[in-house]
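Structure file upload_0.cif (mmCIF, C-alpha atoms) follows.
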```
data_coords
#
loop_
_atom_site.label_atom_id
_atom_site.label_comp_id
_atom_site.auth_asym_id
_atom_site.auth_seq_id
_atom_site.Cartn_x
_atom_site.Cartn_y
_atom_site.Cartn_z
CA MET A 13 -94.55 103.85 -12.72
CA LYS A 14 -98.24 104.63 -12.38
CA ILE A 15 -100.86 101.91 -12.31
CA PHE A 16 -104.28 103.15 -13.38
CA GLY A 17 -106.82 100.76 -11.94
CA ASP A 18 -110.06 100.01 -10.17
CA GLU A 19 -109.40 98.11 -6.98
CA LYS A 20 -112.60 96.03 -7.34
CA SER A 21 -111.41 94.72 -10.74
CA GLY A 22 -109.65 91.38 -10.75
CA ASN A 23 -107.76 92.39 -13.88
CA CYS A 24 -106.35 95.39 -11.99
CA LEU A 25 -105.65 93.23 -8.97
CA LYS A 26 -103.35 91.06 -11.12
CA VAL A 27 -101.10 94.05 -11.77
CA LYS A 28 -101.13 95.21 -8.17
CA ARG A 29 -100.27 91.73 -6.91
CA THR A 30 -97.47 91.27 -9.43
CA ALA A 31 -95.97 94.66 -8.60
CA ASP A 32 -96.29 94.05 -4.85
CA HIS A 33 -94.82 90.56 -5.11
CA LEU A 34 -91.82 91.91 -7.02
CA GLY A 35 -91.43 94.88 -4.66
CA LEU A 36 -91.82 97.39 -7.49
CA ALA A 37 -92.42 101.03 -6.61
CA TYR A 38 -95.59 102.46 -8.12
CA GLU A 39 -98.28 105.05 -7.71
CA TRP A 40 -101.81 103.65 -7.79
CA VAL A 41 -104.18 105.97 -9.66
CA ALA A 42 -107.77 105.05 -8.86
CA VAL A 43 -110.05 104.98 -11.92
CA ASP A 44 -113.77 104.51 -11.37
CA ILE A 45 -114.96 102.72 -14.50
CA MET A 46 -118.61 103.02 -13.46
CA ARG A 47 -118.25 106.81 -13.51
CA GLY A 48 -116.71 106.69 -17.00
CA GLU A 49 -113.25 107.65 -15.80
CA SER A 50 -111.58 105.26 -18.27
CA ARG A 51 -113.44 106.91 -21.18
CA THR A 52 -112.47 110.57 -20.61
CA PRO A 53 -110.57 112.33 -23.44
CA GLU A 54 -107.44 112.45 -21.24
CA PHE A 55 -107.59 108.73 -20.49
CA LEU A 56 -108.29 107.79 -24.12
CA THR A 57 -105.35 109.89 -25.28
CA MET A 58 -103.12 107.89 -22.96
CA SER A 59 -104.72 104.51 -23.70
CA PRO A 60 -107.17 104.45 -26.64
CA ALA A 61 -108.87 101.18 -25.71
CA GLY A 62 -110.33 102.88 -22.64
CA GLN A 63 -109.88 99.94 -20.32
CA VAL A 64 -108.10 99.42 -17.00
CA PRO A 65 -105.55 98.41 -15.90
CA VAL A 66 -103.01 100.58 -17.68
CA VAL A 67 -99.42 101.16 -16.63
CA ALA A 68 -97.60 104.38 -17.58
CA TRP A 69 -93.89 105.04 -17.13
CA PRO A 70 -92.22 108.45 -16.72
CA ASP A 71 -90.58 108.15 -20.17
CA GLY A 72 -94.01 108.10 -21.82
CA ARG A 73 -94.39 104.38 -22.42
CA VAL A 74 -97.90 103.06 -21.79
CA LEU A 75 -99.06 99.45 -21.63
CA ALA A 76 -102.61 98.10 -21.41
CA GLN A 77 -104.08 94.59 -21.09
CA SER A 78 -103.62 93.03 -17.66
CA ASN A 79 -101.93 89.86 -18.87
CA ALA A 80 -99.55 91.73 -21.18
CA ILE A 81 -98.61 93.96 -18.25
CA ILE A 82 -97.94 91.21 -15.73
CA ARG A 83 -95.99 89.15 -18.24
CA TYR A 84 -93.82 92.21 -18.97
CA LEU A 85 -93.27 93.02 -15.30
CA ALA A 86 -92.46 89.38 -14.59
CA ALA A 87 -89.81 88.94 -17.30
CA GLY A 88 -86.45 88.14 -15.76
CA THR A 89 -87.97 87.38 -12.35
CA GLY A 90 -89.07 84.18 -10.67
CA LEU A 91 -92.65 84.87 -11.76
CA LEU A 92 -91.87 83.85 -15.36
CA PRO A 93 -90.00 80.64 -16.21
CA THR A 94 -86.75 81.05 -18.15
CA ASP A 95 -87.44 78.12 -20.48
CA PRO A 96 -89.15 79.36 -23.68
CA PHE A 97 -91.59 76.46 -23.82
CA GLU A 98 -92.56 76.93 -20.17
CA GLN A 99 -93.11 80.62 -20.97
CA ALA A 100 -95.40 79.50 -23.77
CA LYS A 101 -97.33 77.32 -21.32
CA VAL A 102 -97.75 80.42 -19.12
CA ASP A 103 -99.07 82.24 -22.20
CA GLU A 104 -101.43 79.34 -22.92
CA TRP A 105 -103.02 79.91 -19.49
CA LEU A 106 -103.05 83.69 -19.88
CA PHE A 107 -104.92 83.49 -23.19
CA TRP A 108 -107.25 80.81 -21.85
CA GLU A 109 -108.03 83.07 -18.90
CA GLN A 110 -109.01 85.99 -21.12
CA TYR A 111 -111.05 83.89 -23.56
CA SER A 112 -112.55 81.03 -21.57
CA HIS A 113 -112.67 82.19 -17.93
CA GLU A 114 -112.87 85.99 -17.54
CA PRO A 115 -115.79 86.57 -19.96
CA TYR A 116 -117.90 84.20 -17.87
CA VAL A 117 -116.68 84.21 -14.26
CA ALA A 118 -115.74 87.91 -14.16
CA VAL A 119 -118.68 89.14 -16.20
CA CYS A 120 -121.17 87.28 -13.98
CA ARG A 121 -119.47 88.96 -11.02
CA PHE A 122 -119.68 92.31 -12.79
CA GLN A 123 -123.39 91.83 -13.39
CA MET A 124 -123.99 91.07 -9.71
CA LEU A 125 -121.48 93.38 -8.02
CA TYR A 126 -121.49 96.43 -10.30
CA GLU A 127 -124.95 96.20 -11.87
CA GLY A 128 -126.78 94.79 -8.86
CA ARG A 129 -128.37 91.81 -10.65
CA PRO A 130 -129.47 88.90 -8.45
CA ALA A 131 -127.70 85.60 -9.19
CA GLU A 132 -130.78 84.16 -10.91
CA GLU A 133 -130.72 86.98 -13.47
CA ARG A 134 -127.21 86.26 -14.72
CA ASP A 135 -127.04 85.11 -18.35
CA ASP A 136 -127.58 81.32 -18.36
CA TRP A 137 -125.00 80.69 -21.06
CA ARG A 138 -122.37 82.72 -19.17
CA VAL A 139 -123.07 80.79 -15.97
CA ALA A 140 -122.71 77.45 -17.79
CA ARG A 141 -119.38 78.44 -19.34
CA GLY A 142 -118.15 79.89 -16.05
CA GLU A 143 -118.95 76.61 -14.29
CA SER A 144 -117.09 74.73 -17.05
CA ALA A 145 -114.07 77.02 -16.71
CA LEU A 146 -113.92 76.49 -12.95
CA ASP A 147 -114.27 72.72 -13.43
CA PHE A 148 -111.46 72.77 -15.99
CA LEU A 149 -109.21 74.66 -13.59
CA ASP A 150 -110.08 72.31 -10.74
CA ALA A 151 -109.19 69.31 -12.91
CA ALA A 152 -105.94 70.91 -14.06
CA LEU A 153 -104.95 71.52 -10.44
CA SER A 154 -105.71 67.97 -9.34
CA ALA A 155 -102.22 66.83 -10.27
CA ARG A 156 -100.15 69.94 -9.78
CA ARG A 157 -99.26 72.51 -7.18
CA TRP A 158 -98.94 75.45 -9.61
CA LEU A 159 -100.28 75.91 -13.12
CA VAL A 160 -96.94 75.78 -14.94
CA GLY A 161 -93.85 73.87 -13.89
CA GLU A 162 -92.89 73.67 -10.24
CA ALA A 163 -93.14 77.33 -9.27
CA PHE A 164 -95.67 80.08 -8.68
CA THR A 165 -95.87 82.22 -11.86
CA VAL A 166 -97.94 85.00 -13.38
CA ALA A 167 -100.23 82.25 -14.71
CA ASP A 168 -101.24 81.61 -11.10
CA ILE A 169 -101.66 85.34 -10.44
CA ALA A 170 -103.84 85.74 -13.54
CA LEU A 171 -106.09 82.76 -12.87
CA HIS A 172 -106.34 83.43 -9.16
CA ALA A 173 -107.66 86.96 -9.70
CA TYR A 174 -111.23 86.14 -10.68
CA SER A 175 -111.26 82.54 -9.39
CA HIS A 176 -110.95 83.66 -5.78
CA LEU A 177 -113.74 86.20 -6.38
CA ALA A 178 -116.00 83.71 -8.20
CA HIS A 179 -118.43 83.53 -5.25
CA GLU A 180 -119.20 87.22 -5.88
CA GLY A 181 -120.41 86.10 -9.32
CA GLY A 182 -122.66 83.45 -7.85
CA PHE A 183 -120.32 80.48 -8.31
CA ASP A 184 -119.87 77.89 -5.57
CA LEU A 185 -116.27 76.71 -5.23
CA SER A 186 -116.79 74.47 -2.21
CA ARG A 187 -117.00 71.23 -4.19
CA ARG A 188 -113.87 72.10 -6.19
CA ARG A 189 -111.28 71.09 -3.64
CA HIS A 190 -108.19 71.25 -5.87
CA LEU A 191 -109.12 74.77 -6.93
CA THR A 192 -109.84 75.95 -3.39
CA ALA A 193 -106.58 74.44 -2.08
CA TRP A 194 -104.64 76.26 -4.82
CA ILE A 195 -106.44 79.53 -4.06
CA GLN A 196 -105.21 79.14 -0.48
CA ARG A 197 -101.66 78.41 -1.68
CA CYS A 198 -101.77 81.59 -3.78
CA ALA A 199 -103.09 83.56 -0.79
CA ASP A 200 -100.18 82.24 1.28
CA VAL A 201 -97.75 83.51 -1.35
CA PHE A 202 -99.40 86.94 -1.42
CA ALA A 203 -99.21 87.01 2.38
CA GLY A 204 -95.47 86.40 2.09
CA GLY A 205 -95.64 82.73 3.06
CA MET B 19 -94.45 69.18 -35.60
CA LYS B 20 -98.15 68.51 -36.13
CA ILE B 21 -100.68 71.31 -36.34
CA PHE B 22 -104.19 70.18 -35.46
CA GLY B 23 -106.58 72.63 -37.02
CA ASP B 24 -109.69 73.49 -38.95
CA GLU B 25 -108.82 75.36 -42.12
CA LYS B 26 -111.95 77.53 -41.92
CA SER B 27 -110.91 78.80 -38.46
CA GLY B 28 -109.05 82.11 -38.35
CA ASN B 29 -107.37 81.02 -35.13
CA CYS B 30 -105.95 77.99 -36.95
CA LEU B 31 -105.02 80.13 -39.92
CA LYS B 32 -102.78 82.24 -37.65
CA VAL B 33 -100.66 79.18 -36.88
CA LYS B 34 -100.54 78.02 -40.49
CA ARG B 35 -99.49 81.47 -41.70
CA THR B 36 -96.84 81.86 -39.01
CA ALA B 37 -95.38 78.42 -39.78
CA ASP B 38 -95.50 79.03 -43.53
CA HIS B 39 -93.92 82.48 -43.21
CA LEU B 40 -91.09 81.03 -41.13
CA GLY B 41 -90.67 78.06 -43.45
CA LEU B 42 -91.27 75.56 -40.66
CA ALA B 43 -91.92 71.96 -41.58
CA TYR B 44 -95.21 70.61 -40.25
CA GLU B 45 -97.94 68.09 -40.82
CA TRP B 46 -101.44 69.60 -40.91
CA VAL B 47 -103.96 67.36 -39.18
CA ALA B 48 -107.49 68.39 -40.16
CA VAL B 49 -109.91 68.52 -37.21
CA ASP B 50 -113.60 69.09 -37.97
CA ILE B 51 -114.89 70.91 -34.90
CA MET B 52 -118.50 70.73 -36.12
CA ARG B 53 -118.24 66.92 -36.06
CA GLY B 54 -116.89 66.99 -32.51
CA GLU B 55 -113.39 65.93 -33.53
CA SER B 56 -111.79 68.28 -30.96
CA ARG B 57 -113.83 66.67 -28.17
CA THR B 58 -112.95 63.00 -28.69
CA PRO B 59 -111.27 61.18 -25.78
CA GLU B 60 -108.03 60.98 -27.80
CA PHE B 61 -108.01 64.70 -28.53
CA LEU B 62 -108.88 65.65 -24.95
CA THR B 63 -106.07 63.46 -23.64
CA MET B 64 -103.67 65.41 -25.84
CA SER B 65 -105.21 68.83 -25.18
CA PRO B 66 -107.80 68.94 -22.36
CA ALA B 67 -109.36 72.27 -23.37
CA GLY B 68 -110.71 70.61 -26.53
CA GLN B 69 -110.04 73.55 -28.84
CA VAL B 70 -108.08 74.01 -32.04
CA PRO B 71 -105.43 74.96 -33.00
CA VAL B 72 -103.07 72.71 -31.09
CA VAL B 73 -99.45 72.02 -31.94
CA ALA B 74 -97.77 68.76 -30.91
CA TRP B 75 -94.07 67.98 -31.16
CA PRO B 76 -92.48 64.52 -31.48
CA ASP B 77 -91.02 64.79 -27.96
CA GLY B 78 -94.53 64.93 -26.48
CA ARG B 79 -94.83 68.66 -25.92
CA VAL B 80 -98.27 70.08 -26.72
CA LEU B 81 -99.30 73.73 -26.94
CA ALA B 82 -102.79 75.18 -27.35
CA GLN B 83 -104.15 78.73 -27.75
CA SER B 84 -103.44 80.28 -31.13
CA ASN B 85 -101.74 83.39 -29.84
CA ALA B 86 -99.55 81.47 -27.40
CA ILE B 87 -98.52 79.20 -30.28
CA ILE B 88 -97.64 81.94 -32.77
CA ARG B 89 -95.74 83.93 -30.15
CA TYR B 90 -93.73 80.81 -29.30
CA LEU B 91 -93.00 79.97 -32.94
CA ALA B 92 -92.04 83.61 -33.59
CA ALA B 93 -89.53 83.96 -30.74
CA GLY B 94 -86.08 84.65 -32.11
CA THR B 95 -87.38 85.46 -35.59
CA GLY B 96 -88.31 88.70 -37.33
CA LEU B 97 -91.96 88.10 -36.42
CA LEU B 98 -91.34 89.10 -32.79
CA PRO B 99 -89.41 92.25 -31.84
CA THR B 100 -86.29 91.75 -29.73
CA ASP B 101 -87.01 94.71 -27.46
CA PRO B 102 -88.92 93.51 -24.35
CA PHE B 103 -91.28 96.49 -24.33
CA GLU B 104 -92.08 96.03 -28.03
CA GLN B 105 -92.76 92.37 -27.27
CA ALA B 106 -95.18 93.57 -24.58
CA LYS B 107 -96.91 95.80 -27.14
CA VAL B 108 -97.30 92.71 -29.35
CA ASP B 109 -98.83 90.93 -26.35
CA GLU B 110 -101.15 93.90 -25.76
CA TRP B 111 -102.57 93.38 -29.27
CA LEU B 112 -102.73 89.60 -28.88
CA PHE B 113 -104.75 89.85 -25.68
CA TRP B 114 -106.95 92.61 -27.13
CA GLU B 115 -107.63 90.36 -30.11
CA GLN B 116 -108.81 87.48 -27.96
CA TYR B 117 -110.92 89.63 -25.62
CA SER B 118 -112.24 92.52 -27.70
CA HIS B 119 -112.18 91.38 -31.34
CA GLU B 120 -112.46 87.59 -31.73
CA PRO B 121 -115.54 87.08 -29.48
CA TYR B 122 -117.46 89.52 -31.69
CA VAL B 123 -116.05 89.46 -35.22
CA ALA B 124 -115.22 85.75 -35.27
CA VAL B 125 -118.29 84.59 -33.39
CA CYS B 126 -120.62 86.52 -35.75
CA ARG B 127 -118.80 84.80 -38.61
CA PHE B 128 -119.20 81.44 -36.86
CA GLN B 129 -122.93 82.04 -36.46
CA MET B 130 -123.30 82.81 -40.16
CA LEU B 131 -120.78 80.44 -41.71
CA TYR B 132 -121.00 77.39 -39.45
CA GLU B 133 -124.53 77.73 -38.06
CA GLY B 134 -126.13 79.19 -41.16
CA ARG B 135 -127.74 82.20 -39.47
CA PRO B 136 -128.63 85.12 -41.73
CA ALA B 137 -126.83 88.40 -40.88
CA GLU B 138 -129.94 89.92 -39.31
CA GLU B 139 -130.11 87.10 -36.76
CA ARG B 140 -126.65 87.72 -35.34
CA ASP B 141 -126.63 88.86 -31.69
CA ASP B 142 -127.07 92.66 -31.71
CA TRP B 143 -124.59 93.22 -28.87
CA ARG B 144 -121.95 91.12 -30.63
CA VAL B 145 -122.43 93.06 -33.84
CA ALA B 146 -122.06 96.39 -32.02
CA ARG B 147 -118.86 95.29 -30.30
CA GLY B 148 -117.50 93.84 -33.52
CA GLU B 149 -118.11 97.13 -35.31
CA SER B 150 -116.34 98.94 -32.46
CA ALA B 151 -113.38 96.57 -32.62
CA LEU B 152 -113.01 97.10 -36.37
CA ASP B 153 -113.27 100.88 -35.92
CA PHE B 154 -110.62 100.73 -33.20
CA LEU B 155 -108.30 98.79 -35.47
CA ASP B 156 -108.93 101.15 -38.37
CA ALA B 157 -108.07 104.13 -36.17
CA ALA B 158 -104.94 102.44 -34.83
CA LEU B 159 -103.77 101.80 -38.39
CA SER B 160 -104.37 105.38 -39.55
CA ALA B 161 -100.91 106.41 -38.42
CA ARG B 162 -98.91 103.23 -38.79
CA ARG B 163 -97.94 100.65 -41.34
CA TRP B 164 -97.83 97.70 -38.92
CA LEU B 165 -99.38 97.28 -35.48
CA VAL B 166 -96.14 97.31 -33.48
CA GLY B 167 -92.95 99.15 -34.36
CA GLU B 168 -91.79 99.31 -37.96
CA ALA B 169 -92.10 95.66 -38.92
CA PHE B 170 -94.66 92.98 -39.66
CA THR B 171 -95.10 90.85 -36.51
CA VAL B 172 -97.33 88.14 -35.08
CA ALA B 173 -99.60 90.96 -33.88
CA ASP B 174 -100.40 91.62 -37.54
CA ILE B 175 -100.89 87.90 -38.22
CA ALA B 176 -103.25 87.57 -35.24
CA LEU B 177 -105.38 90.62 -36.03
CA HIS B 178 -105.43 89.94 -39.76
CA ALA B 179 -106.89 86.46 -39.28
CA TYR B 180 -110.48 87.39 -38.50
CA SER B 181 -110.34 90.97 -39.81
CA HIS B 182 -109.88 89.85 -43.38
CA LEU B 183 -112.76 87.38 -42.93
CA ALA B 184 -115.04 89.95 -41.25
CA HIS B 185 -117.30 90.17 -44.31
CA GLU B 186 -118.20 86.52 -43.73
CA GLY B 187 -119.57 87.68 -40.36
CA GLY B 188 -121.66 90.39 -41.96
CA PHE B 189 -119.26 93.29 -41.36
CA ASP B 190 -118.59 95.87 -44.07
CA LEU B 191 -114.95 96.93 -44.21
CA SER B 192 -115.24 99.18 -47.26
CA ARG B 193 -115.46 102.44 -45.30
CA ARG B 194 -112.47 101.47 -43.14
CA ARG B 195 -109.71 102.40 -45.52
CA HIS B 196 -106.76 102.17 -43.14
CA LEU B 197 -107.85 98.69 -42.13
CA THR B 198 -108.41 97.52 -45.71
CA ALA B 199 -105.04 98.94 -46.83
CA TRP B 200 -103.30 97.06 -43.99
CA ILE B 201 -105.16 93.85 -44.86
CA GLN B 202 -103.72 94.20 -48.36
CA ARG B 203 -100.21 94.83 -46.98
CA CYS B 204 -100.54 91.66 -44.88
CA ALA B 205 -101.77 89.73 -47.94
CA ASP B 206 -98.71 90.94 -49.85
CA VAL B 207 -96.46 89.61 -47.10
CA PHE B 208 -98.22 86.24 -47.12
CA ALA B 209 -97.81 86.15 -50.90
CA GLY B 210 -94.08 86.65 -50.42
CA GLY B 211 -94.11 90.34 -51.37
#
```
Mind turning this structure into structure tokens?
Amino acid sequence: MKIFGDEKSGNCLKVKRTADHLGLAYEWVAVDIMRGESRTPEFLTMSPAGQVPVVAWPDGRVLAQSNAIIRYLAAGTGLLPTDPFEQAKVDEWLFWEQYSHEPYVAVCRFQMLYEGRPAEERDDWRVARGESALDFLDAALSARRWLVGEAFTVADIALHAYSHLAHEGGFDLSRRRHLTAWIQRCADVFAGG
Amino acid sequence: MKIFGDEKSGNCLKVKRTADHLGLAYEWVAVDIMRGESRTPEFLTMSPAGQVPVVAWPDGRVLAQSNAIIRYLAAGTGLLPTDPFEQAKVDEWLFWEQYSHEPYVAVCRFQMLYEGRPAEERDDWRVARGESALDFLDAALSARRWLVGEAFTVADIALHAYSHLAHEGGFDLSRRRHLTAWIQRCADVFAGG
């Protein structure tokens, strides 16, 4: 399969990490979103929403949306629980990530890293909601090792992606010790630990 | 099961419509979000994110996030395809809805309906993205009867929820004929047609 992605994007990183963790063979096709490479006619024909990441298979199937992709790749592996309700709890985190975490933590990072804004020029309301999201995650991790059940899942991969890059969006994780300990546990998994 | 929801919320409507379509027995527990009823200590103990809809079962299980809930309720029924890749295409729409449609179409509606803002005082950037989302959906529906495969699925339920209420957010659907025809097809399904 081909993964079309931007390596600075946490959403793309989710797909890369899932594929690497599962030992899947893939070709990484670099797409520079700042140069409009996800909005070319060729790209839009493949994936009309014009966003990365996108995965394309040799038989013509194409799938967009980072969390849809990683959930699909994870099905039948240890990265997705077999119990339907535990799968739903993974989904609960995946949707929360896209609605209540990414639009604040990742967009603040985008404004600083891609657009060159200083931290003090981030949108106040985005900063406040990003801080709340990180606090919520820290609280959720106070009593558990992984987000769902007893094992590392794609919920951890999805939430780790922009949480471990939050400092690049001007967020300070140092006082969130449950969150930082979990980020380290995730890093250990990615390192093969 | 109990569904905690606000009947004016499209996200809550998704759960009600899925449960009704499947003939599931439930108790609807009205939660007035404008009176803070999703932020009480009791509610937060049940569901820490403090959002509706939430579904609670007698055995103590609790599930939040509208799209996670409807996907879970739909598993094993005609509302979710059996093919794993078609399921992933449903997920692609569900995540797109929460990231690229709801924050614009539904939030503009919230500003007008709940906060009483006139249409001209909506956020310009939200309006522009909402218009784009509705155009995208209209284009996607130009060549298909339902969003995924050949059957009505939870992807249709999720996207219908705020699309058919878009006028309450100041959006004009009349020139989007594929979208309006599909909204009518969905309405026919809900009416038992």
Legend entry - Distance criterion (only C-alpha atoms): nearest to chain A out of B:Pro102, B:Gly188, B:Gly134, B:Gly54: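 Closest candidate: B:Pro102.
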Inset, instruction - Kindly provide, as JSON, numbers by chain, the residues of chain B having any atom no farther than 6 Å from an atom of chain A, counting all atoms listed in the file. - result: {"B": [83, 86, 90, 106, 109, 110]}
Inset, instruction - Please write the residues picked by the PyMOL selection byres ((chain B and resi 36) around 10) on this file as JSON, numbers by chain. - result: {"B": [31, 32, 33, 34, 35, 37, 38, 39, 40, 41, 42, 87, 88, 89, 91, 92, 97, 171, 172, 175, 176, 208]}
Legend entry - Pick from A:Leu171, A:Leu146, A:Ala37, A:Ile195 nearest to A:Trp69, counting all atoms listed in the file: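 Of A:Leu171, A:Leu146, A:Ala37, A:Ile195, the one nearest A:Trp69 is A:Ala37, counting all atoms listed in the file.
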Inset, instruction - Please identify all polymer residues within 7 Å of A:Gly142, counting all atoms listed in the file, omitting same-chain residues fewer than 4 positions from it, and present them as a PyMOL selection string. - result: chain A and resi 113+116-117+138+146
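Proximity ranking of B:Met19, B:Leu98, B:Gln69, B:Gln202 relative to B:Ala173 places B:Leu98 first, based on all atoms listed in the file.
Considering all atoms listed in the file, the residue among A:Asp71, A:Glu127, A:Glu143, A:Glu49 positioned nearest to A:Arg187 is A:Glu143.
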Go ahead and fit an axis-aligned box to every listed atom of stretch 91-108 of chain B plus 3 Å each side, and pass me the centre and edge lengths in Å, one decimal, as JSON.
```
{"center_x": -91.7, "center_y": 88.2, "center_z": -30.8, "size_x": 17.2, "size_y": 22.5, "size_z": 19.0}
```
Inset, instruction - Kindly give the distance, in Å, that separates atom CA of B:Cys30 and atom CA of B:Ala48, rounded to a single decimal. - result: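 Pair atom CA of B:Cys30 / atom CA of B:Ala48 returns 10.2 Å.
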Inset, instruction - Measure the distance from atom CA of A:Ser21 to atom CA of A:Pro130 in Å and round it to one decimal. - result: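 Computed distance, atom CA of A:Ser21 to atom CA of A:Pro130, equals 19.1 Å.
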Legend entry - Two-atom distance - atom CA of A:Arg51, atom CA of A:Ser175 (Å): 27.2 Å
Inset, instruction - Using only C-alpha atoms, determine which residues lie at most 7 Å from A:Arg121, disregarding the query and same-chain residues fewer than 3 positions distant; provide the list as a list of chain:residue names. - result: A:Val117, A:Ala118, A:Met124, A:Leu125, A:Ala178, A:Glu180, A:Gly181
Would you save the residues from that selection as a PDB file, keeping the file's coordinate frame, using C-alpha atoms?
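The new file again.pdb reads:
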```pdb
ATOM      1  CA  VAL A 117    -116.680  84.210 -14.260  1.00  0.00           C
ATOM      2  CA  ALA A 118    -115.740  87.910 -14.160  1.00  0.00           C
ATOM      3  CA  MET A 124    -123.990  91.070  -9.710  1.00  0.00           C
ATOM      4  CA  LEU A 125    -121.480  93.380  -8.020  1.00  0.00           C
ATOM      5  CA  ALA A 178    -116.000  83.710  -8.200  1.00  0.00           C
ATOM      6  CA  GLU A 180    -119.200  87.220  -5.880  1.00  0.00           C
ATOM      7  CA  GLY A 181    -120.410  86.100  -9.320  1.00  0.00           C
TER       8      GLY A 181
END
```
